[in-house]
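The structure appears below as structure tokens.
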Amino acid sequence: MSDYINIGKIVATFGLKGEVILKHALGKKVTMKGVEAIFVEMTKGSYIPYFVENAKPKDHEEVYIKLEGTDTKESAHKLIAKQVWLTEDDFRKQAGKQSAISLLGYSIINEGENIGTINEVIEQPHQVLLSIQYKGNEALIPLHDETLDKLDHKKKEVHVTLPDGLLEIYS
């Protein structure tokens, strides 16, 4: 599902009218304005569109959402713990420019050489790991103050200086 991007999961119901709380990694308060539908992964690989009736931000990582067809707490309850995906266009409109997840699809440039495209962003307490395909293998590239040289949002590039020997592990 390369046209869809995982943004988080539904963590709870809210109220009695079928609203849910979506915990997301978009890096800012989001209103979901302009988003017609979210895609809920009901079973592995099965993405069901749910049309957004309205949404209001709770904080920078959670949003209350009322979905079409979920009008009771019981009908919303079946969505708890399900992964939520957005189309790439909707994702780009909603993601905060400073959030790590906004780097999906960017190229990683190590000392002038393009080493791959970011497929996944893994946020950890003290660093972010960027997953790329490198010489046919998944490589995890650490992103923190010591490795990051610059971000070029116009060219969609992340410039890094990686520790000696890191890429050899993956080749």
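Here's how to read the names in the structure tokens: chain A, B, ... by the order shown, residue numbers from 1 in each chain, ligand numbers from 1 in the order shown.
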Name all residues at most 9 Å from A:Ala12 (count only C-alpha atoms; drop same-chain ones fewer than 5 positions away) and give them as a list in words.
Glu19, Val20, Ile21, Leu22, Ala76, His77, Leu79, Ile80 and Ala81 of chain A
I need the residues from that last selection saved to file as a compact mmCIF listing (two decimals), in the first residue's frame (with N, CA and C atoms), if you can.
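This is the output file result_14.txt:
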```txt
# COMPACT_ATOMS: atom_id res chain seq x y z
N GLU A 19 -17.97 8.61 18.66
CA GLU A 19 -16.68 9.23 18.39
C GLU A 19 -15.55 8.34 18.87
N VAL A 20 -14.39 8.46 18.22
CA VAL A 20 -13.21 7.71 18.62
C VAL A 20 -12.05 8.69 18.83
N ILE A 21 -11.04 8.21 19.55
CA ILE A 21 -9.82 8.99 19.73
C ILE A 21 -8.73 8.33 18.91
N LEU A 22 -8.16 9.09 17.98
CA LEU A 22 -7.07 8.63 17.12
C LEU A 22 -5.76 9.18 17.66
N ALA A 76 -18.42 2.07 17.65
CA ALA A 76 -17.07 2.66 17.65
C ALA A 76 -16.08 1.74 18.35
N HIS A 77 -16.55 0.97 19.31
CA HIS A 77 -15.67 0.10 20.10
C HIS A 77 -14.92 -0.93 19.24
N LEU A 79 -13.50 -0.49 16.57
CA LEU A 79 -12.36 0.15 15.90
C LEU A 79 -11.14 0.33 16.81
N ILE A 80 -11.32 0.09 18.10
CA ILE A 80 -10.21 0.29 19.04
C ILE A 80 -9.04 -0.64 18.69
N ALA A 81 -7.84 -0.08 18.75
CA ALA A 81 -6.57 -0.77 18.48
C ALA A 81 -6.32 -1.04 17.00
```
Which of stretch 15-171 of chain A end up as strand (DSSP E) when DSSP is run on this backbone - answer as a PyMOL selection string?
chain A and resi 19-24+37-43+46-59+62-67+83-87+107-110+113-117+120-123+128-134+137-143+148-152+157-160
Restrict the selected residues to C-alpha atoms and save them as a PDB file, in the first residue's frame.
```pdb
ATOM      1  CA  GLU A  19     -16.681   9.234  18.387  1.00  0.00           C
ATOM      2  CA  VAL A  20     -13.210   7.713  18.622  1.00  0.00           C
ATOM      3  CA  ILE A  21      -9.818   8.994  19.731  1.00  0.00           C
ATOM      4  CA  LEU A  22      -7.073   8.633  17.125  1.00  0.00           C
ATOM      5  CA  LYS A  23      -3.499   8.654  18.442  1.00  0.00           C
ATOM      6  CA  HIS A  24      -1.338   9.868  15.550  1.00  0.00           C
ATOM      7  CA  ALA A  37     -11.874   9.475   4.653  1.00  0.00           C
ATOM      8  CA  ILE A  38      -9.454   7.604   6.850  1.00  0.00           C
ATOM      9  CA  PHE A  39      -8.594   3.985   6.115  1.00  0.00           C
ATOM     10  CA  VAL A  40      -8.875   1.537   8.995  1.00  0.00           C
ATOM     11  CA  GLU A  41      -6.961  -1.755   8.832  1.00  0.00           C
ATOM     12  CA  MET A  42      -9.659  -4.131  10.067  1.00  0.00           C
ATOM     13  CA  THR A  43      -7.594  -7.237   9.237  1.00  0.00           C
ATOM     14  CA  SER A  46      -7.637  -4.965   4.496  1.00  0.00           C
ATOM     15  CA  TYR A  47      -8.121  -1.191   4.492  1.00  0.00           C
ATOM     16  CA  ILE A  48     -11.710  -0.045   4.965  1.00  0.00           C
ATOM     17  CA  PRO A  49     -12.554   3.615   4.234  1.00  0.00           C
ATOM     18  CA  TYR A  50     -14.439   5.473   6.954  1.00  0.00           C
ATOM     19  CA  PHE A  51     -15.750   8.896   6.009  1.00  0.00           C
ATOM     20  CA  VAL A  52     -14.951  11.678   8.476  1.00  0.00           C
ATOM     21  CA  GLU A  53     -18.049  13.576   9.643  1.00  0.00           C
ATOM     22  CA  ASN A  54     -16.074  15.891  11.903  1.00  0.00           C
ATOM     23  CA  ALA A  55     -12.916  16.029  13.946  1.00  0.00           C
ATOM     24  CA  LYS A  56     -11.438  18.210  16.650  1.00  0.00           C
ATOM     25  CA  PRO A  57      -7.916  18.152  18.052  1.00  0.00           C
ATOM     26  CA  LYS A  58      -7.366  16.939  21.604  1.00  0.00           C
ATOM     27  CA  ASP A  59      -3.613  17.685  21.713  1.00  0.00           C
ATOM     28  CA  GLU A  62      -4.572  12.827  19.603  1.00  0.00           C
ATOM     29  CA  VAL A  63      -7.705  13.895  17.772  1.00  0.00           C
ATOM     30  CA  TYR A  64     -11.407  13.179  18.366  1.00  0.00           C
ATOM     31  CA  ILE A  65     -13.064  11.864  15.193  1.00  0.00           C
ATOM     32  CA  LYS A  66     -16.705  11.183  14.373  1.00  0.00           C
ATOM     33  CA  LEU A  67     -16.918   8.666  11.523  1.00  0.00           C
ATOM     34  CA  GLN A  83      -4.253   0.966  12.591  1.00  0.00           C
ATOM     35  CA  VAL A  84      -5.251   4.087  10.649  1.00  0.00           C
ATOM     36  CA  TRP A  85      -3.942   5.097   7.231  1.00  0.00           C
ATOM     37  CA  LEU A  86      -4.289   8.216   5.068  1.00  0.00           C
ATOM     38  CA  THR A  87      -3.790   8.710   1.360  1.00  0.00           C
ATOM     39  CA  SER A 107      15.937  10.531  -0.012  1.00  0.00           C
ATOM     40  CA  ILE A 108      18.813  10.004   2.405  1.00  0.00           C
ATOM     41  CA  ILE A 109      22.064  11.567   1.229  1.00  0.00           C
ATOM     42  CA  ASN A 110      25.198  10.332   3.022  1.00  0.00           C
ATOM     43  CA  GLU A 113      25.614   9.824  -2.178  1.00  0.00           C
ATOM     44  CA  ASN A 114      21.900   8.959  -2.346  1.00  0.00           C
ATOM     45  CA  ILE A 115      21.673   5.742  -0.310  1.00  0.00           C
ATOM     46  CA  GLY A 116      17.901   5.212  -0.417  1.00  0.00           C
ATOM     47  CA  THR A 117      14.354   6.444   0.123  1.00  0.00           C
ATOM     48  CA  GLU A 120       9.365   3.980   7.539  1.00  0.00           C
ATOM     49  CA  VAL A 121      10.061   6.309  10.449  1.00  0.00           C
ATOM     50  CA  ILE A 122      10.585   4.672  13.856  1.00  0.00           C
ATOM     51  CA  GLU A 123      10.486   7.137  16.733  1.00  0.00           C
ATOM     52  CA  VAL A 128      14.633   8.525  15.247  1.00  0.00           C
ATOM     53  CA  LEU A 129      15.434   5.542  13.002  1.00  0.00           C
ATOM     54  CA  LEU A 130      14.802   5.823   9.270  1.00  0.00           C
ATOM     55  CA  SER A 131      14.180   2.561   7.421  1.00  0.00           C
ATOM     56  CA  ILE A 132      15.464   2.325   3.820  1.00  0.00           C
ATOM     57  CA  GLN A 133      16.242  -0.406   1.326  1.00  0.00           C
ATOM     58  CA  TYR A 134      20.029  -0.537   0.918  1.00  0.00           C
ATOM     59  CA  ASN A 137      18.353  -5.223   2.644  1.00  0.00           C
ATOM     60  CA  GLU A 138      16.447  -3.114   5.145  1.00  0.00           C
ATOM     61  CA  ALA A 139      18.826  -0.624   6.749  1.00  0.00           C
ATOM     62  CA  LEU A 140      18.036   1.436   9.844  1.00  0.00           C
ATOM     63  CA  ILE A 141      19.626   4.869   9.736  1.00  0.00           C
ATOM     64  CA  PRO A 142      19.854   6.759  13.064  1.00  0.00           C
ATOM     65  CA  LEU A 143      18.783  10.385  12.909  1.00  0.00           C
ATOM     66  CA  LEU A 148      21.876  15.025  10.753  1.00  0.00           C
ATOM     67  CA  ASP A 149      23.594  17.623   8.562  1.00  0.00           C
ATOM     68  CA  LYS A 150      20.558  19.294   6.972  1.00  0.00           C
ATOM     69  CA  LEU A 151      16.973  18.824   5.819  1.00  0.00           C
ATOM     70  CA  ASP A 152      16.010  20.049   2.351  1.00  0.00           C
ATOM     71  CA  GLU A 157      16.348  15.171   0.994  1.00  0.00           C
ATOM     72  CA  VAL A 158      17.829  14.337   4.391  1.00  0.00           C
ATOM     73  CA  HIS A 159      21.593  14.947   4.442  1.00  0.00           C
ATOM     74  CA  VAL A 160      23.477  12.864   7.007  1.00  0.00           C
TER      75      VAL A 160
END
```
Could you tell me how far atom CA of A:Tyr106 sits from atom CA of A:Phe91, in Å to one decimal place?
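Rounded to one decimal, the two atoms are 14.0 Å apart.
Comparing the minimum interatomic distances between A:Asp90 and each of A:Lys33, A:Lys44, A:Lys73, A:His126, counting only C-alpha atoms, we find that A:Lys33 sits nearest.
Among A:Leu26, A:Thr147, A:Lys135, A:Lys155, the residue with the shortest atom-to-atom distance to A:Ser171, counting only C-alpha atoms, is A:Lys135.
We find atom CA of A:Gly105 and atom CA of A:Ile5 to be spaced 10.2 Å apart.
Proximity ranking of A:His60, A:Ala25, A:Lys9, A:Ser102 relative to A:Glu88 places A:Ser102 first, based on only C-alpha atoms.
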Separation of atom CA of A:Ile118 from atom CA of A:Leu104, in Å and rounded to one decimal
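Computed distance, atom CA of A:Ile118 to atom CA of A:Leu104, equals 5.3 Å.
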Closest of A:Gly69, A:Pro125, A:Tyr4, A:Lys78 to A:Arg92, counting only C-alpha atoms, is A:Tyr4
